[in-house]
$ cat start_2.pdb   # PDB, C-alpha atoms
ATOM      1  CA  MET A 125     -34.979   2.208   5.207
ATOM      2  CA  GLU A 126     -32.639  -0.622   4.286
ATOM      3  CA  ILE A 127     -29.014   0.527   4.127
ATOM      4  CA  THR A 128     -26.819  -1.156   1.519
ATOM      5  CA  ALA A 129     -23.207  -2.214   1.995
ATOM      6  CA  GLU A 130     -22.145   0.503  -0.452
ATOM      7  CA  GLN A 131     -24.018   3.129   1.560
ATOM      8  CA  ARG A 132     -22.314   1.959   4.754
ATOM      9  CA  LYS A 133     -18.933   2.156   3.068
ATOM     10  CA  ASN A 134     -19.658   5.678   1.850
ATOM     11  CA  ALA A 135     -20.930   6.665   5.297
ATOM     12  CA  LYS A 136     -17.731   5.452   6.958
ATOM     13  CA  SER A 137     -15.618   7.410   4.488
ATOM     14  CA  GLN A 138     -17.433  10.545   5.686
ATOM     15  CA  GLY A 139     -16.906   9.736   9.381
ATOM     16  CA  PHE A 140     -20.215   7.996  10.131
ATOM     17  CA  ILE A 141     -19.560   4.534  11.573
ATOM     18  CA  SER A 142     -22.215   1.799  11.703
ATOM     19  CA  ASN A 143     -23.668   1.018  15.118
ATOM     20  CA  LYS A 144     -24.251  -2.508  16.312
ATOM     21  CA  ASP A 145     -27.997  -2.382  15.604
ATOM     22  CA  GLY A 146     -27.302  -2.077  11.875
ATOM     23  CA  VAL A 147     -29.607   0.930  11.611
ATOM     24  CA  HIS A 148     -27.859   3.847  13.311
ATOM     25  CA  PHE A 149     -24.406   5.417  13.021
ATOM     26  CA  SER A 150     -21.862   7.229  15.178
ATOM     27  CA  ALA A 151     -20.554  10.563  13.900
ATOM     28  CA  ARG A 152     -16.848  10.933  14.619
ATOM     29  CA  ILE A 153     -16.024  14.541  15.459
ATOM     30  CA  VAL A 154     -12.675  16.059  14.469
ATOM     31  CA  SER A 155     -11.443  18.791  16.798
ATOM     32  CA  GLY A 156      -8.042  19.686  15.357
ATOM     33  CA  ASN A 157      -5.870  19.008  18.402
ATOM     34  CA  GLY A 158      -7.879  16.949  20.894
ATOM     35  CA  VAL A 159      -9.180  19.947  22.868
ATOM     36  CA  LEU A 160     -12.725  21.293  22.814
ATOM     37  CA  LYS A 161     -14.014  24.639  24.065
ATOM     38  CA  ALA A 162     -16.972  24.590  26.433
ATOM     39  CA  SER A 163     -19.072  26.236  23.710
ATOM     40  CA  GLN A 164     -18.161  23.429  21.296
ATOM     41  CA  VAL A 165     -19.131  20.769  23.829
ATOM     42  CA  ARG A 166     -22.505  22.463  24.264
ATOM     43  CA  ILE A 167     -23.097  22.265  20.497
ATOM     44  CA  LEU A 168     -22.135  18.579  20.506
ATOM     45  CA  CYS A 169     -24.521  17.912  23.387
ATOM     46  CA  GLU A 170     -27.297  19.628  21.476
ATOM     47  CA  ALA A 171     -26.473  17.640  18.321
ATOM     48  CA  ALA A 172     -26.493  14.389  20.322
ATOM     49  CA  GLU A 173     -29.948  15.205  21.687
ATOM     50  CA  LYS A 174     -31.391  16.404  18.356
ATOM     51  CA  PHE A 175     -29.983  13.729  16.045
ATOM     52  CA  GLY A 176     -28.492  10.935  18.173
ATOM     53  CA  ASN A 177     -29.286   9.011  21.335
ATOM     54  CA  GLY A 178     -28.284  11.843  23.663
ATOM     55  CA  GLN A 179     -24.846  10.443  24.437
ATOM     56  CA  LEU A 180     -21.239  11.458  23.691
ATOM     57  CA  ALA A 181     -18.615   8.704  23.447
ATOM     58  CA  LEU A 182     -14.909   9.440  23.889
ATOM     59  CA  THR A 183     -12.538   7.493  21.644
ATOM     60  CA  SER A 184      -9.073   6.188  22.483
ATOM     61  CA  ARG A 185      -7.585   8.867  20.207
ATOM     62  CA  MET A 186      -9.302  11.791  21.924
ATOM     63  CA  SER A 187     -12.082  12.245  19.421
ATOM     64  CA  VAL A 188     -15.773  12.422  20.312
ATOM     65  CA  GLU A 189     -18.436  10.264  18.699
ATOM     66  CA  LEU A 190     -22.183  10.912  18.629
ATOM     67  CA  PRO A 191     -23.926   7.507  18.458
ATOM     68  CA  GLY A 192     -27.486   6.713  17.439
ATOM     69  CA  ILE A 193     -27.689   8.877  14.291
ATOM     70  CA  LYS A 194     -30.014   7.942  11.441
ATOM     71  CA  TYR A 195     -28.691   7.723   7.898
ATOM     72  CA  ASP A 196     -30.887  10.554   6.638
ATOM     73  CA  ASN A 197     -29.570  12.932   9.316
ATOM     74  CA  PHE A 198     -25.929  12.969   8.180
ATOM     75  CA  GLU A 199     -26.078  16.381   6.530
ATOM     76  CA  ASN A 200     -28.007  17.837   9.468
ATOM     77  CA  VAL A 201     -25.281  16.668  11.863
ATOM     78  CA  LYS A 202     -22.521  18.085   9.686
ATOM     79  CA  GLU A 203     -24.220  21.468   9.448
ATOM     80  CA  TYR A 204     -24.974  21.580  13.165
ATOM     81  CA  VAL A 205     -21.438  20.817  14.410
ATOM     82  CA  ALA A 206     -19.969  23.162  11.776
ATOM     83  CA  LYS A 207     -21.519  26.012  13.781
ATOM     84  CA  ALA A 208     -18.887  25.262  16.433
ATOM     85  CA  GLY A 209     -16.039  25.011  13.924
ATOM     86  CA  LEU A 210     -16.081  21.209  14.071
ATOM     87  CA  SER A 211     -16.374  18.570  11.370
ATOM     88  CA  VAL A 212     -17.244  14.914  10.957
ATOM     89  CA  GLY A 213     -14.487  12.689   9.568
ATOM     90  CA  GLY A 214     -11.212  11.098  10.608
ATOM     91  CA  THR A 215     -11.758   7.716   8.964
ATOM     92  CA  GLY A 216     -10.494   5.808   5.946
ATOM     93  CA  PRO A 217      -7.053   5.190   4.390
ATOM     94  CA  LYS A 218      -5.893   8.724   5.061
ATOM     95  CA  VAL A 219      -3.833  10.756   7.488
ATOM     96  CA  ARG A 220      -5.879  10.458  10.675
ATOM     97  CA  PRO A 221      -6.587  13.245  13.197
ATOM     98  CA  ILE A 222      -3.454  14.217  15.111
ATOM     99  CA  VAL A 223      -3.281  13.113  18.759
ATOM    100  CA  PRO A 224      -1.182  15.420  20.981
ATOM    101  CA  CYS A 225      -0.794  14.944  24.714
ATOM    102  CA  LYS A 226      -1.635  17.773  27.126
ATOM    103  CA  GLY A 227       1.974  18.942  27.378
ATOM    104  CA  THR A 228       0.763  22.519  26.916
ATOM    105  CA  PHE A 229      -0.772  22.350  30.406
ATOM    106  CA  CYS A 230       1.193  19.503  32.010
ATOM    107  CA  SER A 231       3.999  20.354  34.442
ATOM    108  CA  ASN A 232       6.204  17.808  32.633
ATOM    109  CA  GLY A 233       5.530  19.203  29.152
ATOM    110  CA  LEU A 234       8.609  20.519  27.378
ATOM    111  CA  PHE A 235       6.717  22.446  24.674
ATOM    112  CA  ASP A 236       3.297  23.568  23.463
ATOM    113  CA  THR A 237       1.977  20.245  22.183
ATOM    114  CA  LEU A 238      -1.471  21.593  21.295
ATOM    115  CA  SER A 239      -0.034  24.319  19.088
ATOM    116  CA  LEU A 240       2.155  21.768  17.315
ATOM    117  CA  GLY A 241      -0.827  19.433  16.988
ATOM    118  CA  THR A 242      -2.833  22.190  15.326
ATOM    119  CA  LYS A 243      -0.005  22.908  12.858
ATOM    120  CA  LEU A 244       0.269  19.204  12.021
ATOM    121  CA  HIS A 245      -3.506  18.988  11.640
ATOM    122  CA  LYS A 246      -3.609  21.841   9.142
ATOM    123  CA  ARG A 247      -0.618  20.686   7.100
ATOM    124  CA  PHE A 248      -1.234  16.939   7.050
ATOM    125  CA  TYR A 249      -4.796  16.069   8.103
ATOM    126  CA  GLU A 250      -6.375  18.890   6.124
ATOM    127  CA  GLY A 251      -3.601  19.286   3.555
ATOM    128  CA  TYR A 252      -3.542  15.584   2.650
ATOM    129  CA  ARG A 253      -7.255  14.868   3.106
ATOM    130  CA  HIS A 254      -7.694  14.391  -0.633
ATOM    131  CA  ILE A 255      -4.859  11.847  -0.804
ATOM    132  CA  THR A 256      -5.752   8.162  -0.484
ATOM    133  CA  LEU A 257      -3.025   6.095   1.192
ATOM    134  CA  PRO A 258      -2.547   2.305   1.392
ATOM    135  CA  HIS A 259      -4.042   2.407   4.904
ATOM    136  CA  LYS A 260      -4.552   4.827   7.783
ATOM    137  CA  PHE A 261      -1.579   6.893   8.938
ATOM    138  CA  LYS A 262      -1.607   7.876  12.614
ATOM    139  CA  ILE A 263       0.504  10.638  14.166
ATOM    140  CA  GLY A 264       1.002  11.073  17.917
ATOM    141  CA  VAL A 265       2.692  13.995  19.693
ATOM    142  CA  GLY A 266       4.280  13.581  23.140
ATOM    143  CA  GLY A 267       5.355  16.567  25.218
ATOM    144  CA  CYS A 268       8.127  14.759  27.074
ATOM    145  CA  PRO A 269       9.775  11.333  27.363
ATOM    146  CA  ASN A 270       7.049  10.178  29.788
ATOM    147  CA  ASN A 271       5.284   9.170  26.542
ATOM    148  CA  CYS A 272       1.773   9.329  28.016
ATOM    149  CA  ILE A 273       0.265   9.513  24.536
ATOM    150  CA  LYS A 274       2.220   6.389  23.499
ATOM    151  CA  PRO A 275       3.778   7.891  20.360
ATOM    152  CA  GLU A 276       5.626   4.619  19.756
ATOM    153  CA  THR A 277       2.308   2.951  18.880
ATOM    154  CA  ASN A 278       1.628   5.396  16.030
ATOM    155  CA  ASP A 279       2.800   5.174  12.440
ATOM    156  CA  LEU A 280       4.812   8.265  13.323
ATOM    157  CA  GLY A 281       5.417   9.678  16.782
ATOM    158  CA  ILE A 282       7.002  12.993  17.736
ATOM    159  CA  VAL A 283       8.365  13.469  21.266
ATOM    160  CA  GLY A 284       9.819  16.599  22.833
ATOM    161  CA  GLN A 285      13.376  16.347  24.170
ATOM    162  CA  MET A 286      15.452  18.651  26.337
ATOM    163  CA  VAL A 287      19.082  17.675  25.831
ATOM    164  CA  PRO A 288      21.144  18.724  28.874
ATOM    165  CA  LYS A 289      24.394  20.608  28.336
ATOM    166  CA  TYR A 290      26.884  19.434  30.946
ATOM    167  CA  GLU A 291      29.646  21.520  32.474
ATOM    168  CA  PHE A 292      31.001  18.989  34.914
ATOM    169  CA  GLU A 293      34.220  20.939  35.401
ATOM    170  CA  LYS A 294      32.156  23.129  37.746
ATOM    171  CA  CYS A 295      31.335  20.200  40.049
ATOM    172  CA  ARG A 296      32.253  20.800  43.703
ATOM    173  CA  ALA A 297      31.732  17.158  44.754
ATOM    174  CA  CYS A 298      28.807  17.968  47.022
ATOM    175  CA  LYS A 299      27.948  15.253  49.528
ATOM    176  CA  ASN A 300      24.285  15.330  48.481
ATOM    177  CA  CYS A 301      24.107  16.014  44.752
ATOM    178  CA  ASN A 302      20.816  17.547  43.579
ATOM    179  CA  VAL A 303      21.510  16.566  39.980
ATOM    180  CA  VAL A 304      22.130  12.887  40.697
ATOM    181  CA  SER A 305      19.154  12.575  43.020
ATOM    182  CA  ILE A 306      16.655  14.021  40.539
ATOM    183  CA  CYS A 307      17.601  11.893  37.506
ATOM    184  CA  PRO A 308      14.817   9.290  37.061
ATOM    185  CA  MET A 309      16.960   7.021  34.884
ATOM    186  CA  GLY A 310      20.154   6.798  36.948
ATOM    187  CA  ALA A 311      22.084   8.368  34.074
ATOM    188  CA  LEU A 312      23.994  10.712  36.399
ATOM    189  CA  LYS A 313      26.406   9.141  38.847
ATOM    190  CA  ILE A 314      29.114  10.055  41.338
ATOM    191  CA  LYS A 315      32.642   8.932  40.474
ATOM    192  CA  GLU A 316      35.223   7.695  42.977
ATOM    193  CA  ASP A 317      36.607  11.213  43.310
ATOM    194  CA  GLY A 318      33.169  12.433  44.385
ATOM    195  CA  LYS A 319      32.447  14.333  41.194
ATOM    196  CA  ILE A 320      29.585  13.813  38.786
ATOM    197  CA  THR A 321      29.551  11.991  35.448
ATOM    198  CA  ALA A 322      26.858  11.038  32.940
ATOM    199  CA  ASP A 323      26.002   7.834  31.119
ATOM    200  CA  LYS A 324      24.424   9.272  27.974
ATOM    201  CA  SER A 325      23.122   5.854  26.936
ATOM    202  CA  LEU A 326      20.699   6.023  29.874
ATOM    203  CA  CYS A 327      19.653   9.656  29.446
ATOM    204  CA  ILE A 328      16.170  10.124  27.959
ATOM    205  CA  ASN A 329      16.454  13.931  27.632
ATOM    206  CA  CYS A 330      13.662  14.691  30.092
ATOM    207  CA  GLY A 331      15.475  17.854  31.249
ATOM    208  CA  LYS A 332      14.812  17.240  34.953
ATOM    209  CA  CYS A 333      18.467  17.824  35.848
ATOM    210  CA  ILE A 334      18.755  21.224  34.164
ATOM    211  CA  GLY A 335      19.333  24.075  36.569
ATOM    212  CA  LYS A 336      19.383  21.852  39.655
ATOM    213  CA  CYS A 337      23.096  22.297  40.426
ATOM    214  CA  PRO A 338      23.774  25.498  42.422
ATOM    215  CA  PHE A 339      27.219  25.706  40.844
ATOM    216  CA  GLY A 340      26.025  25.346  37.225
ATOM    217  CA  CYS A 341      27.029  21.786  36.323
ATOM    218  CA  VAL A 342      23.920  21.475  34.116
ATOM    219  CA  PRO A 343      23.033  25.118  33.406
ATOM    220  CA  LYS A 344      20.902  24.703  30.288
ATOM    221  CA  GLY A 345      19.481  22.373  27.694
ATOM    222  CA  GLU A 346      18.736  22.364  23.989
ATOM    223  CA  PHE A 347      15.208  21.537  22.824
ATOM    224  CA  ALA A 348      14.654  19.109  19.960
ATOM    225  CA  PHE A 349      12.273  16.427  18.703
ATOM    226  CA  ARG A 350      12.793  12.691  18.627
ATOM    227  CA  ILE A 351      10.850  10.909  15.897
ATOM    228  CA  PHE A 352       9.595   7.319  16.001
ATOM    229  CA  VAL A 353       8.378   5.487  12.901
ATOM    230  CA  GLY A 354       6.523   2.279  12.161
ATOM    231  CA  GLY A 355       4.451   1.779  15.287
ATOM    232  CA  ARG A 356       1.042   0.149  15.289
ATOM    233  CA  TRP A 357      -1.477  -1.247  17.743
ATOM    234  CA  GLY A 358      -4.336  -3.697  17.378
ATOM    235  CA  LYS A 359      -4.164  -7.276  16.136
ATOM    236  CA  LYS A 360      -0.542  -6.920  15.030
ATOM    237  CA  ILE A 361       1.520  -4.864  17.453
ATOM    238  CA  ARG A 362       4.792  -3.161  16.588
ATOM    239  CA  ILE A 363       6.620  -0.625  18.732
ATOM    240  CA  ALA A 364       7.984   2.199  16.584
ATOM    241  CA  THR A 365      11.698   2.559  15.907
ATOM    242  CA  PRO A 366      13.386   5.867  16.829
ATOM    243  CA  LEU A 367      15.365   7.690  14.156
ATOM    244  CA  LYS A 368      18.980   8.072  15.206
ATOM    245  CA  ARG A 369      19.227  11.862  15.207
ATOM    246  CA  LEU A 370      17.097  14.624  16.727
ATOM    247  CA  PHE A 371      15.264  17.301  14.716
ATOM    248  CA  ASN A 372      14.102  20.902  14.982
ATOM    249  CA  GLU A 373      10.463  21.754  14.178
ATOM    250  CA  ASP A 374      10.915  22.469  10.463
ATOM    251  CA  GLU A 375      12.949  19.298  10.020
ATOM    252  CA  ALA A 376      10.384  17.263  11.953
ATOM    253  CA  PHE A 377       7.539  18.464   9.741
ATOM    254  CA  ASP A 378       9.537  17.563   6.659
ATOM    255  CA  VAL A 379      10.167  14.059   8.058
ATOM    256  CA  VAL A 380       6.416  13.643   8.588
ATOM    257  CA  GLU A 381       5.743  14.654   4.995
ATOM    258  CA  LYS A 382       8.466  12.394   3.645
ATOM    259  CA  ALA A 383       7.064   9.466   5.646
ATOM    260  CA  ILE A 384       3.616  10.033   4.148
ATOM    261  CA  LEU A 385       5.071  10.277   0.636
ATOM    262  CA  LEU A 386       7.135   7.121   1.192
ATOM    263  CA  PHE A 387       3.998   5.332   2.382
ATOM    264  CA  LYS A 388       2.090   6.510  -0.677
ATOM    265  CA  SER A 389       4.829   5.561  -3.128
ATOM    266  CA  GLU A 390       5.912   2.188  -1.705
ATOM    267  CA  GLY A 391       2.826   0.838   0.042
ATOM    268  CA  LYS A 392       0.245  -1.554  -1.332
ATOM    269  CA  GLN A 393      -3.416  -1.456  -0.355
ATOM    270  CA  GLY A 394      -3.787  -2.753   3.188
ATOM    271  CA  ASP A 395      -0.167  -2.079   4.202
ATOM    272  CA  ARG A 396       0.642  -0.058   7.310
ATOM    273  CA  PHE A 397       3.794   2.077   7.437
ATOM    274  CA  SER A 398       5.508  -0.689   9.411
ATOM    275  CA  SER A 399       5.166  -2.853   6.301
ATOM    276  CA  ILE A 400       7.381  -0.394   4.408
ATOM    277  CA  ILE A 401      10.060  -0.767   7.079
ATOM    278  CA  ASP A 402       9.793  -4.556   6.835
ATOM    279  CA  LYS A 403      10.083  -4.311   3.049
ATOM    280  CA  LEU A 404      12.952  -1.813   2.745
ATOM    281  CA  GLY A 405      14.719  -2.211   6.086
ATOM    282  CA  MET A 406      15.027   0.418   8.801
ATOM    283  CA  GLU A 407      18.424   1.634   7.613
ATOM    284  CA  LYS A 408      17.090   2.388   4.124
ATOM    285  CA  VAL A 409      13.916   4.013   5.461
ATOM    286  CA  GLU A 410      15.944   6.306   7.710
ATOM    287  CA  GLU A 411      18.226   7.213   4.823
ATOM    288  CA  ILE A 412      15.177   8.195   2.768
ATOM    289  CA  LEU A 413      13.570  10.196   5.586
ATOM    290  CA  VAL A 414      16.637  12.349   6.233
ATOM    291  CA  SER A 415      17.202  13.120   2.547
ATOM    292  CA  ASP A 416      15.011  15.430   0.452
ATOM    293  CA  ASP A 417      14.518  13.202  -2.598
ATOM    294  CA  LEU A 418      10.856  12.489  -1.851
ATOM    295  CA  LEU A 419      10.012  16.168  -1.418
ATOM    296  CA  ARG A 420      11.363  16.841  -4.896
ATOM    297  CA  LYS A 421       9.069  14.089  -6.234
ATOM    298  CA  LYS A 422       6.029  15.157  -4.200
ATOM    299  CA  GLU A 423       3.750  16.167  -7.072
ATOM    300  CA  GLU A 424       4.577  13.010  -8.984
ATOM    301  CA  ILE A 425       3.864  10.804  -5.954
ATOM    302  CA  ILE A 426       0.571  12.370  -4.882
ATOM    303  CA  GLY A 427      -0.605  12.466  -8.482
ATOM    304  CA  LYS A 428      -0.579   8.689  -8.766
TER
END
$ encode --input "start_2.pdb" --output "structure tokens"
Amino acid sequence: MEITAEQRKNAKSQGFISNKDGVHFSARIVSGNGVLKASQVRILCEAAEKFGNGQLALTSRMSVELPGIKYDNFENVKEYVAKAGLSVGGTGPKVRPIVPCKGTFCSNGLFDTLSLGTKLHKRFYEGYRHITLPHKFKIGVGGCPNNCIKPETNDLGIVGQMVPKYEFEKCRACKNCNVVSICPMGALKIKEDGKITADKSLCINCGKCIGKCPFGCVPKGEFAFRIFVGGRWGKKIRIATPLKRLFNEDEAFDVVEKAILLFKSEGKQGDRFSSIIDKLGMEKVEEILVSDDLLRKKEEIIGK
């Protein structure tokens, strides 16, 4: 059958992306947090063999695509993957599937990134699925300042932080300081009197120094989130700008929602969130994101 341009557009909006041959499509699978159970992978393998070309393709944002699907098999694919609690989608000018790193398992992870990714998925991917935005809106979640998931290349990135609490009055001026030697950024230094000091401008809040002093110079840390806004990759690259303050989980979720509402209210078709920063200025955008004005106007904004 000949597939019209309108049919291709409709297919893409459902998560079926045209293949190069102009006849077949790839079904983009949405997992919820970038992790699949073995039982889910088995279902995807079966779907690929029944309806596709027998292959699974991994995307750069940790989704799975099933290529080689015929247009008249869309509903069959949807029904088949639904048996594993999966769906086809993740395309269009919407909030895109959340991409968390593997901080839940990683020895460097400061928090349960997969759990947070699932919460974000439910509140923003599912909760805002009916809302059309000026363009796609990507969210990345990093478990530590190693930034493996590259949150700064997302429209909004969330990164775990462990802010060390210093008690340098306990320093004994050890000849070989465990705290100084473990800091990857050189933020901790030895003064002329042999005691330790910190250059907070160099500290990235990785938490590596916490608990390493036998005398309790850095006994504990306080967990928080750093949020980056306005990143994008592709033809026009922009590294996201960090907001000045840190946030707890509830505050971070509210910032995400306010960013989406700001994008919806100020953006024109084809804009990315970085365009809003260019238009309003970073200082104004940050002022908006830390206030609650947009939340009070939520129904008005999403009703447009």
$ closest_residue --input "start_2.pdb" --among "A:Leu280, A:Val342, A:Leu240, A:Leu210" --to "Val304 in chain A" --atoms "all atoms listed in the file"
A:Val342
$ closest_residue --input "start_2.pdb" --among "A:His148, A:Lys207, A:Arg247, A:Lys218" --to "Lys194 in chain A" --atoms "all atoms listed in the file"
A:His148
$ resolve_selection --input "start_2.pdb" --expression "the PyMOL selection byres ((chain A and resi 125) around 12)" --output "compact mmCIF listing (two decimals) with C-alpha atoms, keeping the file's coordinate frame"
# COMPACT_ATOMS: atom_id res chain seq x y z
CA GLU A 126 -32.64 -0.62 4.29
CA ILE A 127 -29.01 0.53 4.13
CA THR A 128 -26.82 -1.16 1.52
CA GLN A 131 -24.02 3.13 1.56
CA GLY A 146 -27.30 -2.08 11.88
CA VAL A 147 -29.61 0.93 11.61
CA HIS A 148 -27.86 3.85 13.31
CA LYS A 194 -30.01 7.94 11.44
CA TYR A 195 -28.69 7.72 7.90
CA ASP A 196 -30.89 10.55 6.64
$ atom_distance --input "start_2.pdb" --atom1 "CA of Cys272 in chain A" --atom2 "CA of Ile351 in chain A"
15.2 Å
$ closest_residue --input "start_2.pdb" --among "A:Arg356, A:Lys260, A:Lys289, A:Lys136" --to "Gly340 in chain A" --atoms "only C-alpha atoms"
A:Lys289
$ resolve_selection --input "start_2.pdb" --expression "the PyMOL selection byres ((chain A and resi 410-417) around 7)" --output "VMD selection string"
chain A and resid 367 379 382 to 383 406 to 409 418 to 421
$ residues_around --input "start_2.pdb" --residues "range 160-174 of chain A" --least-positions-apart "2" --cutoff "12 Å" --atoms "all atoms listed in the file" --output "MDAnalysis selection string"
chainID A and resid 149:158 176:181 186:194 197:212 238
$ residues_around --input "start_2.pdb" --residues "range 386-400 of chain A" --least-positions-apart "4" --cutoff "7 Å" --atoms "only C-alpha atoms" --output "PyMOL selection string"
chain A and resi 257-259+279+354-355+382+404+425
$ closest_residue --input "start_2.pdb" --among "A:Ala297, A:Ile282, A:Ile320, A:Ile141" --to "Pro269 in chain A" --atoms "only C-alpha atoms"
A:Ile282
$ resolve_selection --input "start_2.pdb" --expression "the PyMOL selection byres ((chain A and resi 223) around 10)" --output "PyMOL selection string"
chain A and resi 156-159+184-187+220-222+224-226+237-238+241-242+244-245+262-266+273-275+278+281
$ closest_residue --input "start_2.pdb" --among "A:Ile306, A:Cys301, A:Ile384, A:Ala322" --to "Val353 in chain A" --atoms "all atoms listed in the file"
A:Ile384
$ closest_residue --input "start_2.pdb" --among "A:Val283, A:Cys298, A:Ala311, A:Ile334" --to "Gly227 in chain A" --atoms "all atoms listed in the file"
A:Val283
$ atom_distance --input "start_2.pdb" --atom1 "CA of Phe292 in chain A" --atom2 "CA of Phe349 in chain A"
24.9 Å
$ atom_distance --input "start_2.pdb" --atom1 "CA of Leu312 in chain A" --atom2 "CA of Cys327 in chain A"
8.3 Å
